[in-house]
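Engineer: Provided herewith: coords13.json, JSON, C-alpha atoms.
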```
[["chain", "number", "residue", "atom", "x", "y", "z"],
["A", 1, "MET", "CA", 0.00, 0.00, 0.00],
["A", 2, "ALA", "CA", 1.07, 3.59, -0.62],
["A", 3, "ARG", "CA", -0.01, 6.62, 1.39],
["A", 4, "ILE", "CA", -1.36, 9.55, -0.64],
["A", 5, "GLU", "CA", -2.43, 13.01, 0.40],
["A", 6, "LEU", "CA", -4.17, 15.31, -2.05],
["A", 7, "THR", "CA", -6.90, 17.88, -2.34],
["A", 8, "VAL", "CA", -10.07, 16.81, -4.13],
["A", 9, "ASP", "CA", -12.71, 19.42, -4.88],
["A", 10, "GLY", "CA", -11.23, 21.68, -2.23],
["A", 11, "ALA", "CA", -11.10, 19.04, 0.54],
["A", 12, "LYS", "CA", -7.85, 17.54, 1.77],
["A", 13, "VAL", "CA", -7.91, 13.73, 1.72],
["A", 14, "SER", "CA", -5.45, 11.10, 2.84],
["A", 15, "ASP", "CA", -5.63, 7.40, 2.03],
["A", 16, "ASP", "CA", -3.70, 4.19, 1.64],
["A", 17, "VAL", "CA", -4.03, 2.89, -1.92],
["A", 18, "GLU", "CA", -2.65, 0.08, -4.02],
["A", 19, "PRO", "CA", 0.19, 1.53, -6.13],
["A", 20, "ARG", "CA", -1.54, 0.33, -9.31],
["A", 21, "MET", "CA", -4.91, 1.96, -8.51],
["A", 22, "LEU", "CA", -6.01, 4.39, -11.20],
["A", 23, "LEU", "CA", -7.06, 7.90, -10.24],
["A", 24, "VAL", "CA", -10.51, 7.30, -11.73],
["A", 25, "GLN", "CA", -10.94, 4.22, -9.51],
["A", 26, "TYR", "CA", -9.78, 6.16, -6.45],
["A", 27, "LEU", "CA", -12.18, 9.02, -7.12],
["A", 28, "ARG", "CA", -15.16, 6.74, -7.73],
["A", 29, "GLU", "CA", -14.55, 3.85, -5.33],
["A", 30, "LYS", "CA", -12.83, 5.53, -2.38],
["A", 31, "LEU", "CA", -14.30, 9.04, -2.54],
["A", 32, "GLY", "CA", -17.69, 8.42, -4.18],
["A", 33, "LYS", "CA", -17.05, 10.93, -6.97],
["A", 34, "THR", "CA", -19.17, 9.00, -9.46],
["A", 35, "GLY", "CA", -19.57, 11.95, -11.81],
["A", 36, "THR", "CA", -16.16, 10.97, -13.12],
["A", 37, "VAL", "CA", -17.16, 8.26, -15.57],
["A", 38, "ILE", "CA", -15.23, 5.14, -16.56],
["A", 39, "GLY", "CA", -15.74, 4.86, -20.28],
["A", 40, "CYS", "CA", -12.96, 2.89, -21.90],
["A", 41, "ASP", "CA", -9.95, 2.45, -19.54],
["A", 42, "THR", "CA", -7.68, 3.20, -22.51],
["A", 43, "SER", "CA", -7.69, 7.03, -22.49],
["A", 44, "ASN", "CA", -9.53, 7.10, -25.81],
["A", 45, "CYS", "CA", -12.95, 8.47, -24.83],
["A", 46, "GLY", "CA", -12.23, 11.21, -22.27],
["A", 47, "ALA", "CA", -15.30, 10.48, -20.13],
["A", 48, "CYS", "CA", -13.02, 10.32, -17.08],
["A", 49, "THR", "CA", -11.48, 13.79, -17.61],
["A", 50, "VAL", "CA", -10.72, 15.70, -14.41],
["A", 51, "HIS", "CA", -8.42, 18.60, -13.62],
["A", 52, "LEU", "CA", -5.06, 17.88, -12.01],
["A", 53, "ASP", "CA", -3.56, 21.14, -10.76],
["A", 54, "GLY", "CA", -5.95, 23.01, -13.05],
["A", 55, "ARG", "CA", -5.21, 21.11, -16.26],
["A", 56, "SER", "CA", -7.39, 18.43, -17.79],
["A", 57, "VAL", "CA", -6.17, 14.84, -17.63],
["A", 58, "LYS", "CA", -7.81, 11.53, -18.38],
["A", 59, "SER", "CA", -7.97, 9.98, -14.94],
["A", 60, "CYS", "CA", -7.93, 6.44, -16.35],
["A", 61, "ASN", "CA", -4.40, 7.19, -17.50],
["A", 62, "VAL", "CA", -3.11, 8.51, -14.16],
["A", 63, "LEU", "CA", -2.29, 6.45, -11.10],
["A", 64, "ALA", "CA", -3.71, 7.67, -7.79],
["A", 65, "VAL", "CA", -0.16, 7.77, -6.39],
["A", 66, "GLN", "CA", 0.78, 10.21, -9.17],
["A", 67, "ALA", "CA", -1.81, 12.64, -7.78],
["A", 68, "ASN", "CA", -0.10, 12.60, -4.38],
["A", 69, "GLY", "CA", 0.48, 16.18, -3.24],
["A", 70, "HIS", "CA", -1.64, 17.62, -6.04],
["A", 71, "GLU", "CA", -5.08, 19.18, -6.43],
["A", 72, "VAL", "CA", -7.85, 17.36, -8.29],
["A", 73, "THR", "CA", -11.11, 18.91, -9.42],
["A", 74, "THR", "CA", -13.95, 16.65, -10.55],
["A", 75, "ILE", "CA", -17.24, 17.56, -12.18],
["A", 76, "GLU", "CA", -18.77, 17.58, -8.67],
["A", 77, "GLY", "CA", -16.30, 20.26, -7.58],
["A", 78, "LEU", "CA", -16.82, 22.54, -10.57],
["A", 79, "ALA", "CA", -20.03, 24.19, -9.40],
["A", 80, "ASN", "CA", -20.08, 26.74, -6.61],
["A", 81, "GLY", "CA", -22.67, 25.23, -4.28],
["A", 82, "ASP", "CA", -25.98, 25.27, -6.13],
["A", 83, "GLU", "CA", -24.63, 27.68, -8.75],
["A", 84, "LEU", "CA", -23.48, 25.86, -11.88],
["A", 85, "HIS", "CA", -20.17, 26.71, -13.48],
["A", 86, "GLN", "CA", -20.56, 28.82, -16.61],
["A", 87, "VAL", "CA", -19.69, 25.85, -18.84],
["A", 88, "GLN", "CA", -22.15, 23.56, -17.04],
["A", 89, "GLU", "CA", -24.87, 26.19, -17.48],
["A", 90, "SER", "CA", -24.03, 26.57, -21.18],
["A", 91, "PHE", "CA", -24.29, 22.81, -21.73],
["A", 92, "ARG", "CA", -27.71, 22.93, -20.06],
["A", 93, "GLU", "CA", -28.89, 25.95, -22.05],
["A", 94, "CYS", "CA", -27.57, 24.74, -25.42],
["A", 95, "HIS", "CA", -28.53, 21.06, -25.01],
["A", 96, "GLY", "CA", -24.87, 20.00, -25.11],
["A", 97, "LEU", "CA", -25.73, 16.52, -23.93],
["A", 98, "GLN", "CA", -27.79, 13.64, -25.10],
["A", 99, "CYS", "CA", -27.41, 10.51, -23.01],
["A", 100, "GLY", "CA", -25.10, 12.42, -20.64],
["A", 101, "PHE", "CA", -22.41, 9.72, -20.40],
["A", 102, "CYS", "CA", -19.64, 11.84, -21.95],
["A", 103, "THR", "CA", -20.88, 15.13, -20.48],
["A", 104, "PRO", "CA", -18.71, 15.32, -17.33],
["A", 105, "GLY", "CA", -15.52, 14.74, -19.31],
["A", 106, "MET", "CA", -16.65, 17.11, -22.07],
["A", 107, "ILE", "CA", -17.35, 19.86, -19.54],
["A", 108, "MET", "CA", -14.03, 19.39, -17.77],
["A", 109, "GLN", "CA", -12.16, 19.49, -21.09],
["A", 110, "ALA", "CA", -14.14, 22.57, -22.19],
["A", 111, "VAL", "CA", -13.26, 24.41, -18.97],
["A", 112, "ASP", "CA", -9.56, 23.73, -19.56],
["A", 113, "LEU", "CA", -9.88, 24.77, -23.21],
["A", 114, "LEU", "CA", -11.55, 28.07, -22.26],
["A", 115, "ASN", "CA", -8.97, 28.72, -19.54],
["A", 116, "GLU", "CA", -6.28, 28.44, -22.23],
["A", 117, "ASN", "CA", -8.24, 30.24, -24.96],
["A", 118, "PRO", "CA", -11.18, 32.31, -23.67],
["A", 119, "SER", "CA", -12.36, 33.26, -27.19],
["A", 120, "PRO", "CA", -11.92, 30.21, -29.41],
["A", 121, "THR", "CA", -13.21, 29.86, -32.94],
["A", 122, "GLU", "CA", -15.44, 26.93, -33.83],
["A", 123, "ALA", "CA", -12.45, 25.18, -35.39],
["A", 124, "GLU", "CA", -10.40, 25.71, -32.22],
["A", 125, "VAL", "CA", -13.22, 24.27, -30.09],
["A", 126, "ARG", "CA", -13.47, 21.22, -32.33],
["A", 127, "GLU", "CA", -9.70, 20.71, -32.16],
["A", 128, "GLY", "CA", -9.57, 21.32, -28.40],
["A", 129, "MET", "CA", -12.33, 18.80, -27.74],
["A", 130, "GLU", "CA", -11.12, 16.09, -30.13],
["A", 131, "GLY", "CA", -9.79, 13.86, -27.34],
["A", 132, "ASN", "CA", -13.30, 13.43, -25.93],
["A", 133, "LEU", "CA", -15.79, 11.19, -27.69],
["A", 134, "CYS", "CA", -19.57, 11.43, -27.79],
["A", 135, "ARG", "CA", -21.22, 8.19, -28.80],
["A", 136, "CYS", "CA", -24.54, 9.95, -29.45],
["A", 137, "THR", "CA", -22.90, 12.26, -32.03],
["A", 138, "GLY", "CA", -23.95, 15.36, -30.13],
["A", 139, "TYR", "CA", -20.91, 17.30, -31.26],
["A", 140, "HIS", "CA", -22.86, 20.15, -32.83],
["A", 141, "ASN", "CA", -24.51, 21.14, -29.55],
["A", 142, "ILE", "CA", -21.33, 20.46, -27.58],
["A", 143, "VAL", "CA", -19.41, 22.91, -29.76],
["A", 144, "LYS", "CA", -22.33, 25.34, -29.53],
["A", 145, "SER", "CA", -22.25, 25.01, -25.73],
["A", 146, "VAL", "CA", -18.52, 25.74, -25.51],
["A", 147, "LEU", "CA", -18.86, 28.76, -27.81],
["A", 148, "HIS", "CA", -21.81, 29.98, -25.74],
["A", 149, "ALA", "CA", -19.77, 29.68, -22.54],
["A", 150, "ALA", "CA", -17.04, 31.69, -24.23],
["A", 151, "GLY", "CA", -19.57, 34.40, -25.07],
["A", 152, "GLY", "CA", -19.37, 33.69, -28.78],
["A", 153, "ALA", "CA", -22.81, 32.14, -29.26],
["A", 154, "LYS", "CA", -25.27, 33.94, -31.49]]
```
What's the structure tokens form of this structure?

Structural biologist:
Amino acid sequence: MARIELTVDGAKVSDDVEPRMLLVQYLREKLGKTGTVIGCDTSNCGACTVHLDGRSVKSCNVLAVQANGHEVTTIEGLANGDELHQVQESFRECHGLQCGFCTPGMIMQAVDLLNENPSPTEAEVREGMEGNLCRCTGYHNIVKSVLHAAGGAK
């Protein structure tokens, strides 16, 4: 077992974990952060995207021990109490979800994208979101949602 200490959604946590435990497993199984979805376990779909020290990572591709000493933000930690994050609100307003399975990862990736580029073009949004897959082919409304959150929606 390995001892880890990290901050998850603003709360300091400390646990003993198997060295091979994935961050996504730790978040879901140990902390109950089930908004972080396990989609493929191969880092292809992006459903498990979280922020590690403010940058998006696919948590199925990160070991929990690698997060030791770092800050993790999940979809549950994005909102401010009952007030949705601007990107969450835009996904709601612009119907940027269909079945909702990919939505947490899409939102986390979109937040990182907008932090890096607050005024992206449609092409930049499509490129910035290409590591996250939507099986329902809801890309049009996802792109629309990201542009809306950026203030570029018409």

Engineer: If we count all atoms listed in the file, what is near A:Gln88 at a cut-off of 10 Å, once residues fewer than 5 positions away on the same chain are taken out, given as a list in words?

Structural biologist: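 With the cut-off at 10 Å, the set is Ile75, Leu78, Ala79, Glu83, Glu93, Gly96, Thr103, Pro104, Met106, Ile107, Met108, Ala110, Val111, Ser145, Val146 and Ala149 of chain A.
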
Engineer: I need the chosen residues saved as a PDB file, in the coordinates of the input, with C-alpha atoms.

Structural biologist:
```pdb
ATOM      1  CA  ILE A  75     -17.240  17.560 -12.180  1.00  0.00           C
ATOM      2  CA  LEU A  78     -16.820  22.540 -10.570  1.00  0.00           C
ATOM      3  CA  ALA A  79     -20.030  24.190  -9.400  1.00  0.00           C
ATOM      4  CA  GLU A  83     -24.630  27.680  -8.750  1.00  0.00           C
ATOM      5  CA  GLU A  93     -28.890  25.950 -22.050  1.00  0.00           C
ATOM      6  CA  GLY A  96     -24.870  20.000 -25.110  1.00  0.00           C
ATOM      7  CA  THR A 103     -20.880  15.130 -20.480  1.00  0.00           C
ATOM      8  CA  PRO A 104     -18.710  15.320 -17.330  1.00  0.00           C
ATOM      9  CA  MET A 106     -16.650  17.110 -22.070  1.00  0.00           C
ATOM     10  CA  ILE A 107     -17.350  19.860 -19.540  1.00  0.00           C
ATOM     11  CA  MET A 108     -14.030  19.390 -17.770  1.00  0.00           C
ATOM     12  CA  ALA A 110     -14.140  22.570 -22.190  1.00  0.00           C
ATOM     13  CA  VAL A 111     -13.260  24.410 -18.970  1.00  0.00           C
ATOM     14  CA  SER A 145     -22.250  25.010 -25.730  1.00  0.00           C
ATOM     15  CA  VAL A 146     -18.520  25.740 -25.510  1.00  0.00           C
ATOM     16  CA  ALA A 149     -19.770  29.680 -22.540  1.00  0.00           C
TER      17      ALA A 149
END
```

Engineer: Nearest to A:His51 among A:Glu89, A:Asp15, A:Asp112, A:Glu5, with distances taken over all atoms listed in the file: which residue is it?

Structural biologist: A:Asp112

Engineer: Atom CA of A:Ala150 and atom CA of A:Val72, how far apart in Å?

Structural biologist: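 Distance between the two atoms: 23.3 Å.
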
Engineer: Rank A:Asn115, A:Thr121, A:Asn61, A:Ser56 by their smallest atom-to-atom distance to A:Val24, using only C-alpha atoms, and report the top residue only.

Structural biologist: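 Once distances to A:Val24 are computed over only C-alpha atoms, the minimum belongs to A:Asn61.
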
Engineer: Can you tell me how far atom CA of A:Gly54 sits from atom CA of A:Glu71, in Å to one decimal?

Structural biologist: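 These two atoms are separated by 7.7 Å.
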
Engineer: What is the atom CA of A:Thr42 to atom CA of A:Leu97 distance in Å?

Structural biologist: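 The value is 22.5 Å.
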
Engineer: Which residues are close to A:Asp16, i.e. within 7 Å by all atoms listed in the file, leaving aside same-chain residues fewer than 6 positions away? Reply as a ChimeraX atom specification.

Structural biologist: /A:1-4

Engineer: Pick the closest to A:Val17 from A:Gly32, A:Asn80, A:Val65, A:His148: which is it, counting all atoms listed in the file?

Structural biologist: A:Val65

Engineer: Using only C-alpha atoms for the distances, tell me which of A:Leu23, A:Leu84, A:Cys136, A:Leu114 is nearest to A:Cys99.

Structural biologist: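 Closest to A:Cys99 of all the choices is A:Cys136.
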
Engineer: Please identify all polymer residues within 10 Å of A:Asp53, counting only C-alpha atoms, omitting same-chain residues fewer than 6 positions from it, and present them as JSON, numbers by chain.

Structural biologist: {"A": [7, 67, 69, 70, 71, 72, 73]}

Engineer: Could those selected residues go to a file with C-alpha atoms, as a tab-separated table (two decimals), in the coordinates of the input?

Structural biologist:
```
chain	number	residue	atom	x	y	z
A	7	THR	CA	-6.90	17.88	-2.34
A	67	ALA	CA	-1.81	12.64	-7.78
A	69	GLY	CA	0.48	16.18	-3.24
A	70	HIS	CA	-1.64	17.62	-6.04
A	71	GLU	CA	-5.08	19.18	-6.43
A	72	VAL	CA	-7.85	17.36	-8.29
A	73	THR	CA	-11.11	18.91	-9.42
```

Engineer: Using all atoms listed in the file, which protein or nucleic acid residues come within 12 Å of A:Gly100? Drop anything in the same chain fewer than 6 positions from it, and give the result as a VMD selection string.

Structural biologist: chain A and resid 35 to 37 47 91 to 92 106 to 107 133 to 138 142

Engineer: Hey, what's within 9 Å of A:Ala64 if we count all atoms listed in the file and toss same-chain stuff fewer than 4 positions away? As JSON, numbers by chain, please?

Structural biologist: {"A": [4, 17, 18, 19, 20, 21, 22, 23, 24, 25, 26, 27, 59, 68]}
